[in-house]
$ cat start_28.txt   # compact mmCIF, C-alpha atoms
# COMPACT_ATOMS: atom_id res chain seq x y z
CA MET A 1 0.00 0.00 0.00
CA ALA A 2 1.33 3.44 -0.93
CA ARG A 3 2.13 5.90 1.86
CA ARG A 4 -0.69 8.25 0.78
CA ASP A 5 -3.19 5.37 1.03
CA GLU A 6 -1.80 4.41 4.45
CA ILE A 7 -2.38 7.97 5.66
CA ILE A 8 -5.96 7.95 4.36
CA GLU A 9 -6.58 4.57 6.03
CA ALA A 10 -5.24 5.94 9.34
CA ALA A 11 -7.45 9.03 8.94
CA LEU A 12 -10.49 6.84 8.22
CA ARG A 13 -9.83 4.78 11.36
CA LEU A 14 -9.52 7.98 13.37
CA ALA A 15 -12.69 9.43 11.79
CA LYS A 16 -14.57 6.22 12.53
CA THR A 17 -13.76 6.34 16.22
CA GLU A 18 -13.58 10.11 16.85
CA GLY A 19 -15.34 11.78 13.90
CA ILE A 20 -14.04 13.79 10.98
CA GLY A 21 -13.71 16.84 13.22
CA ALA A 22 -10.78 15.07 14.91
CA LEU A 23 -8.77 14.95 11.68
CA SER A 24 -6.12 17.53 12.43
CA VAL A 25 -2.76 17.19 10.72
CA ARG A 26 -1.12 16.25 14.02
CA ALA A 27 -3.77 13.65 14.97
CA VAL A 28 -3.68 11.97 11.56
CA ALA A 29 0.12 12.01 11.47
CA ASN A 30 0.17 10.32 14.90
CA ALA A 31 -2.42 7.76 13.80
CA ALA A 32 -0.36 7.01 10.67
CA GLY A 33 2.88 6.77 12.64
CA ILE A 34 4.55 9.61 10.73
CA GLY A 35 5.52 13.18 11.43
CA PRO A 36 3.39 16.18 10.47
CA THR A 37 5.99 17.23 7.89
CA THR A 38 5.69 13.90 6.11
CA LEU A 39 1.92 14.18 6.13
CA ARG A 40 2.18 17.69 4.64
CA HIS A 41 4.25 16.22 1.80
CA TYR A 42 1.20 14.17 0.76
CA PHE A 43 -1.48 16.63 1.89
CA PRO A 44 -0.16 20.22 1.79
CA SER A 45 -3.19 21.59 3.65
CA GLN A 46 -5.79 20.33 6.06
CA THR A 47 -8.35 20.97 3.33
CA ASP A 48 -6.48 18.57 1.02
CA LEU A 49 -6.50 15.97 3.78
CA HIS A 50 -10.23 16.47 4.46
CA GLN A 51 -11.06 16.23 0.75
CA ALA A 52 -9.15 12.96 0.42
CA VAL A 53 -10.88 11.51 3.49
CA ALA A 54 -14.27 12.76 2.29
CA ALA A 55 -13.71 11.08 -1.06
CA ALA A 56 -12.81 7.83 0.67
CA VAL A 57 -15.84 8.01 2.99
CA VAL A 58 -18.33 8.79 0.24
CA SER A 59 -16.93 6.34 -2.25
CA GLY A 60 -16.65 3.56 0.32
CA PRO A 61 -17.90 0.38 -1.24
CA LEU A 62 -21.40 -0.82 -0.61
CA ASP A 63 -21.25 -4.59 -0.59
CA ASP A 64 -23.73 -6.56 -2.68
CA LEU A 65 -23.75 -9.05 0.19
CA ALA A 66 -26.01 -11.95 -0.79
CA ILE A 67 -28.43 -9.95 -2.97
CA ALA A 68 -28.17 -12.56 -5.74
CA ASP A 69 -28.65 -15.58 -3.44
CA ASP A 70 -32.10 -16.71 -4.56
CA THR A 71 -32.20 -19.33 -1.80
CA ARG A 72 -32.72 -16.53 0.73
CA GLU A 73 -35.88 -14.48 1.15
CA PRO A 74 -35.62 -11.47 -1.26
CA ALA A 75 -36.93 -8.77 1.11
CA GLN A 76 -34.40 -9.87 3.74
CA ARG A 77 -31.58 -9.70 1.19
CA LEU A 78 -32.59 -6.17 0.18
CA TYR A 79 -32.96 -5.13 3.81
CA ASP A 80 -29.49 -6.48 4.66
CA CYS A 81 -28.03 -4.43 1.81
CA LEU A 82 -29.93 -1.27 2.80
CA LEU A 83 -28.62 -1.48 6.37
CA GLN A 84 -25.20 -0.49 5.01
CA PHE A 85 -26.52 3.07 4.67
CA LEU A 86 -26.95 3.38 8.45
CA PRO A 87 -24.01 3.93 10.79
CA PRO A 88 -23.13 1.01 13.02
CA SER A 89 -24.59 1.67 16.46
CA GLU A 90 -21.19 1.47 18.17
CA HIS A 91 -19.86 4.32 15.98
CA GLN A 92 -23.06 6.31 15.51
CA GLU A 93 -21.78 9.56 17.07
CA ALA A 94 -18.54 9.54 15.09
CA ALA A 95 -20.44 8.75 11.89
CA LEU A 96 -22.83 11.61 12.60
CA GLY A 97 -19.95 13.98 13.15
CA GLY A 98 -18.31 12.81 9.96
CA TRP A 99 -21.41 13.26 7.82
CA PHE A 100 -22.14 16.64 9.41
CA GLU A 101 -18.60 17.79 8.69
CA LEU A 102 -18.84 16.63 5.06
CA TYR A 103 -22.07 18.54 4.57
CA ARG A 104 -20.65 21.59 6.35
CA LEU A 105 -17.61 21.54 4.08
CA ALA A 106 -19.80 21.11 1.01
CA LEU A 107 -22.71 23.42 1.82
CA GLY A 108 -21.64 25.64 4.71
CA PRO A 109 -20.82 29.35 4.75
CA GLU A 110 -17.47 28.76 3.00
CA PRO A 111 -18.27 25.74 0.81
CA LEU A 112 -15.54 23.73 -0.83
CA PRO A 113 -16.65 22.89 -4.38
CA ALA A 114 -14.48 19.77 -4.41
CA VAL A 115 -16.26 18.35 -1.35
CA ARG A 116 -19.65 19.16 -2.87
CA GLY A 117 -18.57 17.29 -5.97
CA ILE A 118 -17.52 14.36 -3.80
CA LEU A 119 -20.95 14.29 -2.11
CA GLU A 120 -22.71 14.49 -5.48
CA SER A 121 -20.56 11.66 -6.77
CA GLY A 122 -21.34 9.58 -3.70
CA HIS A 123 -25.05 10.21 -4.17
CA ARG A 124 -24.89 9.09 -7.82
CA SER A 125 -22.90 6.03 -6.81
CA SER A 126 -25.47 5.14 -4.14
CA ALA A 127 -28.27 5.45 -6.69
CA GLN A 128 -26.43 3.13 -9.07
CA VAL A 129 -25.87 0.54 -6.34
CA LEU A 130 -29.55 0.66 -5.35
CA GLN A 131 -30.53 0.18 -9.00
CA ARG A 132 -28.12 -2.75 -9.30
CA TRP A 133 -29.59 -4.45 -6.22
CA LEU A 134 -33.14 -3.91 -7.43
CA ARG A 135 -32.30 -5.08 -10.96
CA THR A 136 -30.85 -8.27 -9.50
CA LEU A 137 -34.12 -8.87 -7.66
CA ALA A 138 -36.11 -7.92 -10.78
CA ASP A 139 -34.13 -10.41 -12.86
CA GLN A 140 -35.14 -13.07 -10.33
CA GLY A 141 -38.81 -12.06 -10.57
CA HIS A 142 -39.05 -10.40 -7.13
CA VAL A 143 -39.38 -6.76 -8.27
CA VAL A 144 -41.35 -5.39 -11.22
CA PRO A 145 -38.63 -4.46 -13.75
CA ASP A 146 -40.34 -1.21 -14.80
CA ASP A 147 -40.35 -0.07 -11.15
CA VAL A 148 -36.60 -0.41 -10.50
CA ASP A 149 -35.72 3.27 -11.09
CA THR A 150 -38.73 4.49 -9.08
CA HIS A 151 -37.91 2.19 -6.18
CA ALA A 152 -34.25 3.26 -6.26
CA SER A 153 -35.30 6.93 -6.09
CA ARG A 154 -37.65 6.19 -3.20
CA ALA A 155 -34.97 4.24 -1.35
CA LEU A 156 -32.52 7.10 -1.78
CA ALA A 157 -35.13 9.59 -0.52
CA LEU A 158 -35.74 7.40 2.54
CA ILE A 159 -32.01 7.07 3.20
CA ASP A 160 -31.45 10.82 2.73
CA GLY A 161 -34.28 11.50 5.17
CA LEU A 162 -32.79 9.14 7.75
CA HIS A 163 -29.39 10.82 7.36
CA LEU A 164 -30.98 14.26 7.72
CA ASN A 165 -32.72 13.14 10.92
CA LEU A 166 -29.39 11.86 12.19
CA LEU A 167 -27.81 15.24 11.50
CA ILE A 168 -30.47 17.50 12.97
CA GLY A 169 -31.44 15.45 15.99
CA PRO A 170 -28.83 12.86 16.92
CA GLU A 171 -30.03 12.74 20.51
CA ARG A 172 -33.55 11.87 19.31
CA PHE A 173 -32.53 9.54 16.50
CA ASP A 174 -33.86 6.04 16.97
CA LEU A 175 -31.63 3.57 15.14
CA THR A 176 -34.16 0.78 15.72
CA ALA A 177 -36.91 2.85 14.06
CA ALA A 178 -34.56 3.63 11.16
CA ARG A 179 -33.91 -0.07 10.68
CA GLU A 180 -37.66 -0.73 10.80
CA ALA A 181 -38.21 1.91 8.10
CA LEU A 182 -35.68 0.16 5.85
CA ARG A 183 -37.33 -3.21 6.54
CA TRP A 184 -40.75 -1.72 5.74
CA PHE A 185 -39.40 -0.39 2.44
CA ALA A 186 -37.79 -3.72 1.49
CA GLU A 187 -40.99 -5.62 2.24
CA ARG A 188 -43.11 -3.22 0.12
CA VAL A 189 -40.77 -3.31 -2.88
CA VAL A 190 -40.45 -7.06 -3.18
CA THR A 191 -43.38 -8.82 -4.87

$ encode --input "start_28.txt" --output "C-alpha cells"
Amino acid sequence: MARRDEIIEAALRLAKTEGIGALSVRAVANAAGIGPTTLRHYFPSQTDLHQAVAAAVVSGPLDDLAIADDTREPAQRLYDCLLQFLPPSEHQEAALGGWFELYRLALGPEPLPAVRGILESGHRSSAQVLQRWLRTLADQGHVVPDDVDTHASRALALIDGLHLNLLIGPERFDLTAAREALRWFAERVVT
C-alpha cells in the first residue's frame, strides 16, 4: 500500500472512532505513525486531507452481500443491503460527526466545491448501487422491472431522510426505528 493510502486509512480509522472533526494534521500524522511534515508532503493543507478523506468516505464500497442468493428471502436480502446506509450503532456519534462535517464543508458558509462534488458523486454512486440491487431482484422475478428506477429513487429519498434526521437530531434519533423503516421499504418493494 502506498504511503498516501496508508495515511488515508489511518485518517479513516480515526474518523470512525472520533469523527471527521478530529482529523487535524497532528492527529492523523500520529495515527499514521509519521511526522506532520511527512503528512504535509502528501497533503499540503488540512483541506487537502479532508477532501481525500471525504472522497474515501463517500466512495466507500457498498457490498452486494447476498443480494443474488435466490435461496434466501428477497426482502431480507434487500434489507441487509440497505442497512449499510446506516451507521453502526457502536460508531453512531462519530459517523454523525463525519457526515455533518462533510455537509458543512460542502454546503456551509465557505463551501468547498471539491467536497460538494464528492458528495454528489457519492449520491450518484449510491443510486447506481440501489438500481443494481433492485435489478438483481427484478431479474429473479421479485421486483417489477419497470419499477426499479422508481424504487431506487424512493430508497434514496428514505435514506437521505434518515441521514438528515441523524444530522439534525442525533439525541432523538432512533436507530431501531430507522432499521424498521428500511425493513418496511424492502418488504413493500419485493413482490

$ closest_residue --input "start_28.txt" --among "A:Trp184, A:Gly35, A:Leu164, A:Val148" --to "A:Leu134" --atoms "all atoms listed in the file"
A:Val148

$ closest_residue --input "start_28.txt" --among "A:Arg104, A:Arg26, A:Arg132, A:Arg4" --to "A:Asp64" --atoms "all atoms listed in the file"
A:Arg132

$ residues_around --input "start_28.txt" --residues "A:Gly117" --least-positions-apart "6" --cutoff "12 Å" --atoms "all atoms listed in the file" --output "list in words"
Gln51, Ala54, Ala55, Val58, Ser59, Leu102, Tyr103, Leu105, Ala106, Leu107, Pro111, His123 and Arg124 of chain A

$ atom_distance --input "start_28.txt" --atom1 "atom CA of A:Leu182" --atom2 "atom CA of A:Glu9"
29.4 Å

$ closest_residue --input "start_28.txt" --among "A:Glu171, A:Leu82, A:Leu65, A:Ala27" --to "A:Ser126" --atoms "all atoms listed in the file"
A:Leu82

$ closest_residue --input "start_28.txt" --among "A:Trp133, A:Ala127, A:Trp99, A:Glu73" --to "A:His163" --atoms "all atoms listed in the file"
A:Trp99

$ atom_distance --input "start_28.txt" --atom1 "atom CA of A:Gln76" --atom2 "atom CA of A:Arg135"
15.6 Å

$ residues_around --input "start_28.txt" --residues "stretch 22-25 of chain A" --least-positions-apart "2" --cutoff "8 Å" --atoms "all atoms listed in the file" --output "count of residues only"
15
